[in-house]
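Report on one structure; see the data block that follows.
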Amino acid sequence: MTYKVKDINLAEQGKKKIKWAEDHMPVLMEIRKEFEETKPLEGITVGFALHVTKETAVLVKTLIAGGADVAIAGCNPLSTQDDVAAALASEGVKVYAWRGLNNEEYYECIKNVLDHEPDITIDDGCDLITVVHKERPELLKKLKGGCEETTTGIIRLKAMEEDNALKYPILAVNDAMTKHFFDNRYGTGQSTIDGILRATSVLIAGKNFVIAGYGWCGRGLAMRASGMGANVIITEIDPVKALEARMDGYRVMTMEDAAPIGDIFITATGNLNVIRKEHIEKMKSGAILGNTGHFNNEVCLPDIEALSAKKETIRANTEEYTLKDGRTIYLLAEGRLVNLASAEGHPSEVMDMSFANQSLGVKYLAENELEVKVHDMPCEIDWRVAKLKLKTMGITIDELTEEQKEYLSSWEHGT
């Protein structure tokens, strides 16, 4: 089977969404024009596990324009946009994704992608890479490399590298400056608020908004929540990030101290059980819990279930748990990525840079033989993406004069 989607009849609706994204992703469209002319991916099969959204579809079509054969699965059971998946399938893309996958179906879709024996992988969270290493080691001899999209995936990959378990080279696309400075901060900041509002329609202003983690995603969310009038509270385990959050004007405390006063809690750490039994026991009735980290283990679902007497879906993507002591708490999007499960993910304009990095990263892997480890994105790709983005925004910047270049390269100039 060359595709497996929820409803192929949704294709026309999905094509309109993809067209919207293309109109708002000028950098990736510039790269597509170049790829159409040069065909740098001729003969290359690319296997994806990414959120199947309209923006991802633009990346898929760009790689195909470059000559690649593409197969794609989702990287989260609730993030696939079914009309977009149908649109890709209708155009001959090997796509295995639909919203509402169970665990078995989720991994079946990833294995369907691997059946096409990719030369290069693109992953978001490292699940596809993990399946290759654990269940499909025969593919390793063919794999030239892979790209990883998210912080959670990079954490897992570096752990694999440390354990000498990693068997093919990976580009840390997430760590490109034009990715995490913008996608993680501005993208997550806006799209997480969007997901919360679509799921709850609550007023943000005046509420105690607790954010677990002050990495780039947490910073972006704090900035946007504060801008909407929330009283932002940060919880952290990193003393430097905690200090930075305080200097940025936010209250910093432990989750134990934040639990009784928070109105909205969002995790953004990449770790597990960040909100758990001892915190839930202290929360006020009506507290809203959600997650914008990759996996649905940051809010401990077994603890919520154990403390609850009743569960009811009260709104789309919002479950009301009635606790045994009579309090209620609300869990958004089953604890999965609220910005993708309840909304549409990051705006196209910011994914433009992330997926420009992905497309150029795939080209780089196709053209180079790399050592088996997690590699930083080449700075020349980062700079090229930034320059292209500025160009599409109509912005020009200064350049160093020859005198300035000489001054910066010399140690002999003094006071």
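Order determines the names: the first chain of the structure tokens is A, the second B, and so forth; residues in each chain are numbered 1 upward, and ligands are numbered 1 upward as they are shown.
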
All residues 10 Å or closer to segment 396-412 of chain A, only C-alpha atoms, same chain fewer than 4 positions away omitted, as a PDB file with N, CA, C and O atoms, in the first residue's frame:
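Wrote selection-v4.pdb, looks like this:
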```
ATOM      1  N   LYS A 387      19.903  34.784   5.822  1.00  0.00           N
ATOM      2  CA  LYS A 387      19.986  35.795   4.751  1.00  0.00           C
ATOM      3  C   LYS A 387      18.785  35.711   3.815  1.00  0.00           C
ATOM      4  O   LYS A 387      18.227  36.730   3.394  1.00  0.00           O
ATOM      5  N   LEU A 390      15.740  37.219   5.602  1.00  0.00           N
ATOM      6  CA  LEU A 390      15.805  38.683   5.568  1.00  0.00           C
ATOM      7  C   LEU A 390      15.445  39.216   4.185  1.00  0.00           C
ATOM      8  O   LEU A 390      14.699  40.198   4.059  1.00  0.00           O
ATOM      9  N   LYS A 391      15.966  38.561   3.160  1.00  0.00           N
ATOM     10  CA  LYS A 391      15.686  38.997   1.784  1.00  0.00           C
ATOM     11  C   LYS A 391      14.190  38.947   1.489  1.00  0.00           C
ATOM     12  O   LYS A 391      13.611  39.883   0.915  1.00  0.00           O
TER      13      LYS A 391
END
```

For this session: Check the DSSP output for the backbone and give back, as a VMD selection string, the residues of segment 80-298 of chain A in alpha helix (DSSP H).
Result: chain A and resid 82 to 90 103 to 114 127 to 135 151 to 162 177 to 179 188 to 200 216 to 227 239 to 247 255 to 258 277 to 280

Exercise. Distance atom CA of Asp303 of chain A-atom CA of Gly262 of chain A, one decimal place?
Worked result: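 Calculated distance between atom CA of Asp303 of chain A and atom CA of Gly262 of chain A is 18.4 Å.
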
List as JSON lines every residue of segment 7-72 of chain A that is in contact with segment 356-380 of chain A, defined as an atom at most 8 Å from one of its atoms (using only C-alpha atoms), together with the nearest atom pair and the distance in Å rounded to one decimal, sorted by chain and then rising number.
```
{"residue": "A:Val27", "atom": "CA", "partner": "A:Ala356", "partner_atom": "CA", "distance": 6.6}
{"residue": "A:Leu28", "atom": "CA", "partner": "A:Ala356", "partner_atom": "CA", "distance": 5.1}
{"residue": "A:Ile31", "atom": "CA", "partner": "A:Ala356", "partner_atom": "CA", "distance": 7.3}
{"residue": "A:Pro40", "atom": "CA", "partner": "A:Lys363", "partner_atom": "CA", "distance": 6.5}
{"residue": "A:Leu41", "atom": "CA", "partner": "A:Lys363", "partner_atom": "CA", "distance": 6.6}
{"residue": "A:Ile44", "atom": "CA", "partner": "A:Ala366", "partner_atom": "CA", "distance": 7.6}
{"residue": "A:Leu59", "atom": "CA", "partner": "A:Ser359", "partner_atom": "CA", "distance": 6.9}
{"residue": "A:Thr62", "atom": "CA", "partner": "A:Ser359", "partner_atom": "CA", "distance": 7.4}
{"residue": "A:Leu63", "atom": "CA", "partner": "A:Ser359", "partner_atom": "CA", "distance": 6.6}
```

For the selection you just gave me, I'd like the residues written to a file as a compact mmCIF listing (two decimals), in the first residue's frame, keeping N, CA, C and O atoms.
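Output (out.txt):
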```txt
# COMPACT_ATOMS: atom_id res chain seq x y z
N VAL A 27 11.14 31.30 1.89
CA VAL A 27 12.51 30.76 1.87
C VAL A 27 12.51 29.35 1.30
O VAL A 27 13.30 29.01 0.42
N LEU A 28 11.60 28.52 1.81
CA LEU A 28 11.53 27.14 1.32
C LEU A 28 11.14 27.10 -0.16
O LEU A 28 11.62 26.24 -0.92
N ILE A 31 14.22 27.70 -2.17
CA ILE A 31 15.03 26.49 -2.21
C ILE A 31 14.40 25.48 -3.17
O ILE A 31 15.11 24.77 -3.90
N PRO A 40 19.42 17.87 -6.62
CA PRO A 40 20.50 17.34 -5.78
C PRO A 40 20.15 16.05 -5.06
O PRO A 40 21.04 15.39 -4.51
N LEU A 41 18.87 15.65 -5.08
CA LEU A 41 18.45 14.46 -4.33
C LEU A 41 18.03 13.32 -5.26
O LEU A 41 17.36 12.38 -4.82
N ILE A 44 17.67 9.51 -4.20
CA ILE A 44 17.67 9.43 -2.74
C ILE A 44 16.25 9.18 -2.24
O ILE A 44 15.30 9.85 -2.65
N LEU A 59 7.62 21.05 2.84
CA LEU A 59 8.94 20.42 2.87
C LEU A 59 8.97 19.16 2.02
O LEU A 59 9.89 18.94 1.23
N THR A 62 9.10 20.01 -1.56
CA THR A 62 10.39 20.59 -1.91
C THR A 62 11.43 19.50 -2.15
O THR A 62 12.21 19.56 -3.11
N LEU A 63 11.46 18.49 -1.27
CA LEU A 63 12.41 17.39 -1.45
C LEU A 63 12.09 16.59 -2.72
O LEU A 63 12.99 16.17 -3.44
```

Write down as a CSV table (one decimal) with N, CA and C atoms, in the first residue's frame the residues belonging to segment 65-307 of chain A that are assigned strand (DSSP E) by DSSP computed on the backbone.
```csv
chain,number,residue,atom,x,y,z
A,69,ASP,N,12.6,10.5,-3.5
A,69,ASP,CA,11.4,9.7,-3.3
A,69,ASP,C,11.1,9.8,-1.8
A,70,VAL,N,9.9,10.1,-1.4
A,70,VAL,CA,9.6,10.4,0.0
A,70,VAL,C,8.5,9.5,0.5
A,71,ALA,N,8.7,9.0,1.8
A,71,ALA,CA,7.7,8.3,2.5
A,71,ALA,C,7.6,9.0,3.9
A,72,ILE,N,6.4,9.2,4.4
A,72,ILE,CA,6.2,10.0,5.6
A,72,ILE,C,5.2,9.3,6.5
A,73,ALA,N,5.5,9.3,7.8
A,73,ALA,CA,4.6,9.0,8.9
A,73,ALA,C,4.5,10.1,9.9
A,94,LYS,N,4.0,8.7,-0.5
A,94,LYS,CA,3.8,7.5,0.4
A,94,LYS,C,3.6,8.0,1.8
A,95,VAL,N,2.3,8.2,2.2
A,95,VAL,CA,2.0,8.8,3.5
A,95,VAL,C,1.2,7.8,4.3
A,96,TYR,N,1.6,7.6,5.6
A,96,TYR,CA,1.0,6.7,6.5
A,96,TYR,C,0.7,7.5,7.8
A,120,ILE,N,18.1,8.5,3.8
A,120,ILE,CA,18.2,9.6,4.7
A,120,ILE,C,16.9,9.7,5.5
A,121,THR,N,17.0,9.9,6.8
A,121,THR,CA,15.8,10.0,7.6
A,121,THR,C,15.6,11.5,8.1
A,122,ILE,N,14.4,11.9,8.3
A,122,ILE,CA,14.0,13.1,9.0
A,122,ILE,C,13.1,12.7,10.2
A,123,ASP,N,13.5,13.1,11.4
A,123,ASP,CA,12.8,12.6,12.6
A,123,ASP,C,12.4,13.8,13.5
A,145,GLY,N,22.5,9.1,6.6
A,145,GLY,CA,22.4,10.0,7.7
A,145,GLY,C,21.0,10.4,8.0
A,146,GLY,N,20.8,11.2,9.0
A,146,GLY,CA,19.5,11.7,9.3
A,146,GLY,C,19.5,13.1,9.9
A,147,CYS,N,18.3,13.7,9.9
A,147,CYS,CA,18.1,15.0,10.5
A,147,CYS,C,17.1,14.9,11.7
A,148,GLU,N,17.4,15.6,12.8
A,148,GLU,CA,16.5,15.5,13.9
A,148,GLU,C,16.0,17.0,14.2
A,170,ILE,N,23.9,11.9,12.3
A,170,ILE,CA,22.7,12.7,12.5
A,170,ILE,C,23.1,14.2,12.5
A,171,LEU,N,22.3,15.0,11.8
A,171,LEU,CA,22.5,16.4,11.8
A,171,LEU,C,21.5,17.0,12.9
A,172,ALA,N,21.9,17.7,13.8
A,172,ALA,CA,21.1,18.3,14.8
A,172,ALA,C,20.4,19.6,14.3
A,208,ASN,N,-2.6,33.1,37.1
A,208,ASN,CA,-1.2,32.6,37.4
A,208,ASN,C,-0.9,31.5,36.4
A,209,PHE,N,0.1,31.8,35.5
A,209,PHE,CA,0.4,30.9,34.4
A,209,PHE,C,1.8,30.2,34.7
A,210,VAL,N,1.8,29.0,35.1
A,210,VAL,CA,3.0,28.3,35.5
A,210,VAL,C,3.6,27.5,34.3
A,211,ILE,N,4.8,27.8,34.0
A,211,ILE,CA,5.6,27.2,32.9
A,211,ILE,C,6.7,26.4,33.5
A,212,ALA,N,6.7,25.1,33.3
A,212,ALA,CA,7.8,24.2,33.7
A,212,ALA,C,8.9,24.2,32.6
A,231,ASN,N,0.2,36.4,34.9
A,231,ASN,CA,1.2,36.5,35.9
A,231,ASN,C,2.0,35.2,35.8
A,232,VAL,N,3.2,35.3,35.2
A,232,VAL,CA,4.0,34.1,34.8
A,232,VAL,C,4.9,33.6,35.9
A,233,ILE,N,4.8,32.3,36.2
A,233,ILE,CA,5.7,31.7,37.2
A,233,ILE,C,6.5,30.6,36.4
A,234,ILE,N,7.8,30.6,36.7
A,234,ILE,CA,8.7,29.6,36.1
A,234,ILE,C,9.2,28.6,37.1
A,235,THR,N,9.1,27.3,36.7
A,235,THR,CA,9.8,26.3,37.6
A,235,THR,C,11.0,25.8,36.7
A,251,ARG,N,8.4,35.4,38.2
A,251,ARG,CA,8.5,34.7,39.5
A,251,ARG,C,9.1,33.3,39.3
A,252,VAL,N,10.0,32.9,40.1
A,252,VAL,CA,10.6,31.6,40.0
A,252,VAL,C,10.5,30.8,41.3
A,264,ILE,N,-3.1,27.9,35.3
A,264,ILE,CA,-2.8,27.2,34.1
A,264,ILE,C,-1.4,26.7,34.2
A,265,PHE,N,-1.1,25.4,34.0
A,265,PHE,CA,0.2,24.8,34.1
A,265,PHE,C,0.5,24.2,32.7
A,266,ILE,N,1.7,24.6,32.2
A,266,ILE,CA,2.2,24.0,30.9
A,266,ILE,C,3.6,23.6,31.1
A,267,THR,N,3.9,22.3,30.7
A,267,THR,CA,5.2,21.8,30.8
A,267,THR,C,5.9,21.9,29.4
A,287,ALA,N,-8.0,24.0,38.0
A,287,ALA,CA,-6.7,24.2,37.4
A,287,ALA,C,-6.6,23.5,36.0
A,288,ILE,N,-6.0,24.1,35.1
A,288,ILE,CA,-5.8,23.6,33.7
A,288,ILE,C,-4.4,23.1,33.5
A,289,LEU,N,-4.2,21.9,33.0
A,289,LEU,CA,-2.9,21.3,32.8
A,289,LEU,C,-2.7,21.0,31.3
A,290,GLY,N,-1.5,21.3,30.8
A,290,GLY,CA,-1.2,21.0,29.4
A,290,GLY,C,0.3,20.8,29.3
A,291,ASN,N,0.7,20.4,28.1
A,291,ASN,CA,2.1,20.1,27.8
A,291,ASN,C,2.4,20.6,26.4
```

Exercise. Of the candidates A:Val274, A:Leu203, A:Leu337, A:Ile381, which one gets nearest to Phe355 of chain A if we count only C-alpha atoms?
Worked result: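 Of all the options, A:Ile381 lies closest to Phe355 of chain A.
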
Problem set entry | Between atom CA of Val93 of chain A and atom CA of Tyr3 of chain A, distance in Å (one decimal) |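 Rounded to one decimal, the two atoms are 7.4 Å apart.
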
Exercise. Of the candidates A:Val202, A:Leu114, A:Ile154, A:Met228, which shows the shortest atom-to-atom distance to Arg136 of chain A, using only C-alpha atoms?
Worked result: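 The closest residue to Arg136 of chain A is A:Leu114.
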
Exercise. Using only C-alpha atoms, which residues sit within 12 Å of Glu135 of chain A once same-chain residues fewer than 5 positions away are excluded, as a ChimeraX atom specification?
Worked result: /A:107,110-111,114-115,127-130,140

For this session: Report the distance between atom CA of Ala176 of chain A and atom CA of Gln81 of chain A in Å, rounded to one decimal place.
Result: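 Computing it gives 26.3 Å between the two atoms.
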
Seminar exercise, completed: Of A:Glu91, A:Asp82, A:Glu30, A:Asp325, the one nearest to Ala309 of chain A when counting only C-alpha atoms is A:Asp325

Problem set entry | Minimum-distance residue to Val350 of chain A, chosen among A:Val132, A:Ala386, A:Leu88, A:Leu331 (using only C-alpha atoms) |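 Looking only at the distances to Val350 of chain A, the closest residue turns out to be A:Ala386.
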